[in-house]
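> If you scroll down you'll find the structure; I have some questions about it.
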Amino acid sequence: MRTAQGLLWKKGDEWRDQARTCWCCRSMKREAGTVSVYRNEDGSGSSLTGLNRCGNIWTCPVCAAKVAEARRAELNAGLVSHLKAGGGAYLLTLTFPHEADHPIAELLERFTNARQRLQNSRTWKRVMEEAGRLGSVASLEVTISQENGWHPHLHVLIFAQTNGFHEGDPINDQGDLLSPAIIELKHAWVNILLKTGLGDLKKLHHMLDHALNVRGGNQAAEYIAKYGRDERWGQSSEMTRHYTKQGSAGERDGLLHFTPFQLLTWAGNGDEWATRKFIEYSDAIEGKRAVTWSPGLKKSLGVHSDQTDEEIAADDNPMPEQIHVGDIDQEQYQTLFRHNRLPDFVRYVAQSAVTQADLDEYIEAIKTTPATHSGAVVIKGTFSGRYMVQ
Ligand SMILES: [Zn+2]
């Protein structure tokens, strides 16, 4: 998050005009400028309350993790309810061939246009009607490879009847399904890719094999279980290694793909390619929706939640199993930022802070080293401190 804040910060602009992520967790809700500190009873985690969050799932790893957790729970509730009622589920994935020099803004626009054409096509409507489709949930994802550039793709969870596509057993280890209905969808999608300039006749066979695939209910459940987990967001330790070594979001056509948050890790270590790509991505993805339920589906599956990303991120009530350790004031909180110690502090609280004195002592101790960063925060709409220097 700290790296994203530095990359998104626009020099010379007022703090009010900066991206919301720049102020995530550095804007205090209470006039007194206090932050409450909680820890899990078993030492597995800690949290802070009294802070404003940005709720931007594309550019803020902290909010993304929280929102993804809530979205995963919704998807899971929907799937369980549908399967219990005797329905079947499919995971359909849409992609297209992509090349290193394609700007992401243009790719996203064409891709959105293409998927709308597919979903409005007669083939799609007929095949889905025959499959007994109740509705679907689309989720947009973006990865990148050094060789082939940006790779936007869309996962569509289709809630239908069992054996809705009249498919047989999976045709390979990845669980890909095949049937005349699925082949019709493949042809329709490839045609649209060719018409919208996202496809290339030279890659026809490759596109027919890979640009649209359908997997069964097990894969749908597996996808949901992984949604928003560490491996997708680059938080596990192996993800922090350099991209030339290891730590990819996955492999496609023999190339390693990375998530935007993995770019942040490398950008934080001074990598210029990753820095450039993250900024390009954040400008292009602004305002896009990550997860879209088709109209009426939540209601018919009995999923009762309509919180926005911002609302989910803003809810910082402590969990019932969390214990209040103490409160820190504005000055102390700014000290954590000046010394870039917030992640370490959060870990320290989880593992060893029990009393208010523990919090105060930790912060006193880090003051003995020179400040390396800006400690700027906003308190109830009022700016306090120096502007960020990264
Ligand atoms: Zn945030």
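Labels for the structure tokens follow display order: chains A, B, ..., residues from 1 in each chain, ligands from 1.
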Counting only C-alpha atoms, which residues of stretch 104-156 of chain A sit at most 12 Å from some atom of stretch 50-70 of chain A, and what is each one's closest atom pair with its distance in Å to one decimal, listed by chain and rising residue number, as CSV?

residue,atom,partner,partner_atom,distance
A:Ser139,CA,A:Ala68,CA,11.2
A:Leu140,CA,A:Trp58,CA,10.6
A:Glu141,CA,A:Trp58,CA,9.6
A:Val142,CA,A:Trp58,CA,9.6
A:Thr143,CA,A:Trp58,CA,11.8
> Produce a file of the selected residues containing N, CA, C and O atoms, as a PDB file, in the first residue's frame.

ATOM      1  N   SER A 139     -16.303 -11.742 -13.338  1.00  0.00           N
ATOM      2  CA  SER A 139     -15.247 -11.102 -12.562  1.00  0.00           C
ATOM      3  C   SER A 139     -14.037 -10.810 -13.447  1.00  0.00           C
ATOM      4  O   SER A 139     -13.501 -11.686 -14.111  1.00  0.00           O
ATOM      5  N   LEU A 140     -13.679  -9.533 -13.490  1.00  0.00           N
ATOM      6  CA  LEU A 140     -12.599  -9.054 -14.363  1.00  0.00           C
ATOM      7  C   LEU A 140     -11.258  -9.159 -13.645  1.00  0.00           C
ATOM      8  O   LEU A 140     -11.146  -8.757 -12.488  1.00  0.00           O
ATOM      9  N   GLU A 141     -10.279  -9.694 -14.325  1.00  0.00           N
ATOM     10  CA  GLU A 141      -8.935  -9.775 -13.740  1.00  0.00           C
ATOM     11  C   GLU A 141      -7.912  -9.330 -14.769  1.00  0.00           C
ATOM     12  O   GLU A 141      -8.139  -9.452 -15.969  1.00  0.00           O
ATOM     13  N   VAL A 142      -6.805  -8.821 -14.269  1.00  0.00           N
ATOM     14  CA  VAL A 142      -5.731  -8.394 -15.157  1.00  0.00           C
ATOM     15  C   VAL A 142      -4.421  -8.971 -14.652  1.00  0.00           C
ATOM     16  O   VAL A 142      -4.115  -8.870 -13.468  1.00  0.00           O
ATOM     17  N   THR A 143      -3.686  -9.607 -15.531  1.00  0.00           N
ATOM     18  CA  THR A 143      -2.316 -10.002 -15.190  1.00  0.00           C
ATOM     19  C   THR A 143      -1.414  -9.474 -16.294  1.00  0.00           C
ATOM     20  O   THR A 143      -1.879  -8.914 -17.281  1.00  0.00           O
TER      21      THR A 143
END
> Could you give me, as a ChimeraX atom specification, the residues within 10 Å of stretch 107-122 of chain A, counting only C-alpha atoms and dropping anything in the same chain fewer than 2 positions from it?
/A:94-96,98,102-105,124-128,140,142,150-154,185,188-198,284-285,288
> Write out as a ChimeraX atom specification the residues lying within 6 Å of stretch 318-330 of chain A, counting only C-alpha atoms and excluding same-chain residues fewer than 2 positions away.
/A:33-41,332-333,354-356
> Take atom CA of A:Gln262 and atom CA of A:Gln18 and report the distance between them in Å, one decimal.
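Atom CA of A:Gln18 lies at a distance of 22.8 Å from atom CA of A:Gln262.
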> Would you mind writing down, as an MDAnalysis selection string, each residue of stretch 36-245 of chain A that DSSP on the backbone assigns to strand (DSSP E or B)?
chainID A and resid 36:40 46:49 51 88:94 135:145 149:160 176 212:215
> One number please: atom CA of A:Thr123 to atom CA of A:Ala181, in Å, one decimal.
9.1 Å
> Looking only at alpha helix (DSSP H) from DSSP on the backbone, list the matching residues of stretch 110-195 of chain A as a VMD selection string.
chain A and resid 110 to 120 122 to 130 180 to 195
> Out of A:Ile279, A:Ala85, A:Ile312, A:Leu301, which residue has the shortest atom-to-atom distance to ligand 1 when counting only C-alpha atoms and all ligand atoms?
A:Ile312
> Tell me which protein, DNA and RNA residues are within 10 Å of A:Ile224, counting only C-alpha atoms, leaving out same-chain ones fewer than 3 positions away, and put them as a ChimeraX atom specification.
/A:71-76,79,91,157,218-221,227-229
> Those residues with C-alpha atoms, as a compact mmCIF listing (two decimals), in the first residue's frame please?

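The result, stored in result14.txt:
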# COMPACT_ATOMS: atom_id res chain seq x y z
CA ARG A 71 -17.00 -11.03 -2.37
CA ARG A 72 -15.73 -14.59 -1.97
CA ALA A 73 -18.25 -15.20 0.81
CA GLU A 74 -21.08 -13.90 -1.41
CA LEU A 75 -20.03 -16.07 -4.34
CA ASN A 76 -19.77 -19.07 -2.08
CA LEU A 79 -22.97 -21.40 -5.26
CA LEU A 91 -16.70 -21.51 -14.88
CA LEU A 157 -19.60 -18.21 -13.12
CA ASN A 218 -15.61 -28.43 -9.16
CA GLN A 219 -13.46 -25.87 -10.90
CA ALA A 220 -16.05 -23.20 -10.17
CA ALA A 221 -15.94 -24.06 -6.47
CA TYR A 227 -10.80 -15.80 -4.90
CA GLY A 228 -8.94 -13.03 -3.12
CA ARG A 229 -6.57 -15.38 -1.36
> Which is closer to A:Thr275 than all the others in A:Pro343, A:Pro260, A:Gly385, A:Pro97, using only C-alpha atoms?
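When distances to A:Thr275 are compared using only C-alpha atoms, the smallest one comes from A:Pro260.
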> Show me, as a list of chain:residue names, the residues that have an atom within 8 Å of A:Gln351 when counting only C-alpha atoms, minus same-chain residues fewer than 5 positions from it.
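Once the adjacent positions are removed, what remains is A:Gly43, A:Ser44, A:Gly45.
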> List the spatial neighbours of A:Asp169 as a VMD selection string - criterion: any atom at most 12 Å away, only C-alpha atoms, same-chain residues fewer than 3 positions off excluded.
chain A and resid 163 165 to 166 172 to 179 215 to 217
> Would you mind exporting the chosen residues as a PDB file, in the first residue's frame, restricted to N, CA and C atoms?

ATOM      1  N   ASN A 163     -25.424 -30.609 -16.175  1.00  0.00           N
ATOM      2  CA  ASN A 163     -25.220 -31.054 -17.555  1.00  0.00           C
ATOM      3  C   ASN A 163     -25.919 -30.141 -18.581  1.00  0.00           C
ATOM      4  N   PHE A 165     -24.738 -27.998 -20.629  1.00  0.00           N
ATOM      5  CA  PHE A 165     -24.124 -27.905 -21.956  1.00  0.00           C
ATOM      6  C   PHE A 165     -24.035 -29.276 -22.625  1.00  0.00           C
ATOM      7  N   HIS A 166     -24.676 -30.288 -22.026  1.00  0.00           N
ATOM      8  CA  HIS A 166     -24.630 -31.662 -22.541  1.00  0.00           C
ATOM      9  C   HIS A 166     -23.198 -32.128 -22.740  1.00  0.00           C
ATOM     10  N   ASN A 172      -9.259 -32.839 -20.399  1.00  0.00           N
ATOM     11  CA  ASN A 172      -7.839 -32.762 -20.012  1.00  0.00           C
ATOM     12  C   ASN A 172      -7.727 -32.563 -18.500  1.00  0.00           C
ATOM     13  N   ASP A 173      -6.486 -32.449 -18.030  1.00  0.00           N
ATOM     14  CA  ASP A 173      -6.230 -32.313 -16.598  1.00  0.00           C
ATOM     15  C   ASP A 173      -6.735 -30.987 -16.034  1.00  0.00           C
ATOM     16  N   GLN A 174      -6.855 -29.975 -16.896  1.00  0.00           N
ATOM     17  CA  GLN A 174      -7.346 -28.679 -16.420  1.00  0.00           C
ATOM     18  C   GLN A 174      -8.858 -28.678 -16.198  1.00  0.00           C
ATOM     19  N   GLY A 175      -9.504 -29.759 -16.628  1.00  0.00           N
ATOM     20  CA  GLY A 175     -10.944 -29.858 -16.414  1.00  0.00           C
ATOM     21  C   GLY A 175     -11.774 -29.209 -17.509  1.00  0.00           C
ATOM     22  N   ASP A 176     -11.158 -28.917 -18.652  1.00  0.00           N
ATOM     23  CA  ASP A 176     -11.921 -28.310 -19.750  1.00  0.00           C
ATOM     24  C   ASP A 176     -13.012 -29.255 -20.243  1.00  0.00           C
ATOM     25  N   LEU A 177     -14.180 -28.682 -20.489  1.00  0.00           N
ATOM     26  CA  LEU A 177     -15.314 -29.467 -20.987  1.00  0.00           C
ATOM     27  C   LEU A 177     -15.511 -29.168 -22.469  1.00  0.00           C
ATOM     28  N   LEU A 178     -16.122 -30.110 -23.150  1.00  0.00           N
ATOM     29  CA  LEU A 178     -16.389 -29.904 -24.571  1.00  0.00           C
ATOM     30  C   LEU A 178     -17.740 -30.513 -24.929  1.00  0.00           C
ATOM     31  N   SER A 179     -18.452 -29.831 -25.817  1.00  0.00           N
ATOM     32  CA  SER A 179     -19.723 -30.340 -26.340  1.00  0.00           C
ATOM     33  C   SER A 179     -20.066 -29.462 -27.531  1.00  0.00           C
ATOM     34  N   ARG A 215     -15.284 -24.831 -17.752  1.00  0.00           N
ATOM     35  CA  ARG A 215     -14.947 -25.882 -16.793  1.00  0.00           C
ATOM     36  C   ARG A 215     -16.141 -26.141 -15.896  1.00  0.00           C
ATOM     37  N   GLY A 216     -16.081 -27.297 -15.226  1.00  0.00           N
ATOM     38  CA  GLY A 216     -17.272 -27.734 -14.489  1.00  0.00           C
ATOM     39  C   GLY A 216     -17.372 -27.202 -13.072  1.00  0.00           C
ATOM     40  N   GLY A 217     -18.369 -27.694 -12.359  1.00  0.00           N
ATOM     41  CA  GLY A 217     -18.699 -27.216 -11.023  1.00  0.00           C
ATOM     42  C   GLY A 217     -17.554 -27.275 -10.028  1.00  0.00           C
TER      43      GLY A 217
END
> What does the distance between atom CA of A:Ala160 and atom CA of A:Ile182 come to in Å, to one decimal place?
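Between these atoms lies a distance of 13.9 Å.
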> Name all residues at most 6 Å from A:Gly132 (count only C-alpha atoms; drop same-chain ones fewer than 2 positions away) and give them as an mmCIF file with N, CA and C atoms, in the first residue's frame.

data_model
loop_
_atom_site.group_PDB
_atom_site.id
_atom_site.type_symbol
_atom_site.label_atom_id
_atom_site.label_comp_id
_atom_site.auth_asym_id
_atom_site.auth_seq_id
_atom_site.Cartn_x
_atom_site.Cartn_y
_atom_site.Cartn_z
ATOM 1 N N GLU A 129 -29.939 -20.363 -22.786
ATOM 2 C CA GLU A 129 -31.328 -20.732 -22.491
ATOM 3 C C GLU A 129 -31.472 -22.250 -22.421
ATOM 4 N N GLU A 130 -30.794 -22.922 -23.379
ATOM 5 C CA GLU A 130 -30.842 -24.382 -23.390
ATOM 6 C C GLU A 130 -30.152 -25.002 -22.173
ATOM 7 N N ALA A 160 -26.514 -22.701 -13.799
ATOM 8 C CA ALA A 160 -27.393 -23.314 -14.807
ATOM 9 C C ALA A 160 -27.950 -24.632 -14.274
ATOM 10 N N GLN A 161 -28.426 -25.487 -15.212
ATOM 11 C CA GLN A 161 -28.849 -26.843 -14.818
ATOM 12 C C GLN A 161 -27.632 -27.769 -14.830
#
> Quick one: of A:Trp273, A:Ser282, A:Val137, A:Asp344, who's nearest to A:Arg20, counting only C-alpha atoms?
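The answer is A:Ser282, which sits nearest to A:Arg20.
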> Closest to ligand 1 among A:Ile158, A:Leu297, A:Ala32, A:Ala314, using only C-alpha atoms and all ligand atoms?
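Under the stated criterion, the closest residue is A:Ala314.
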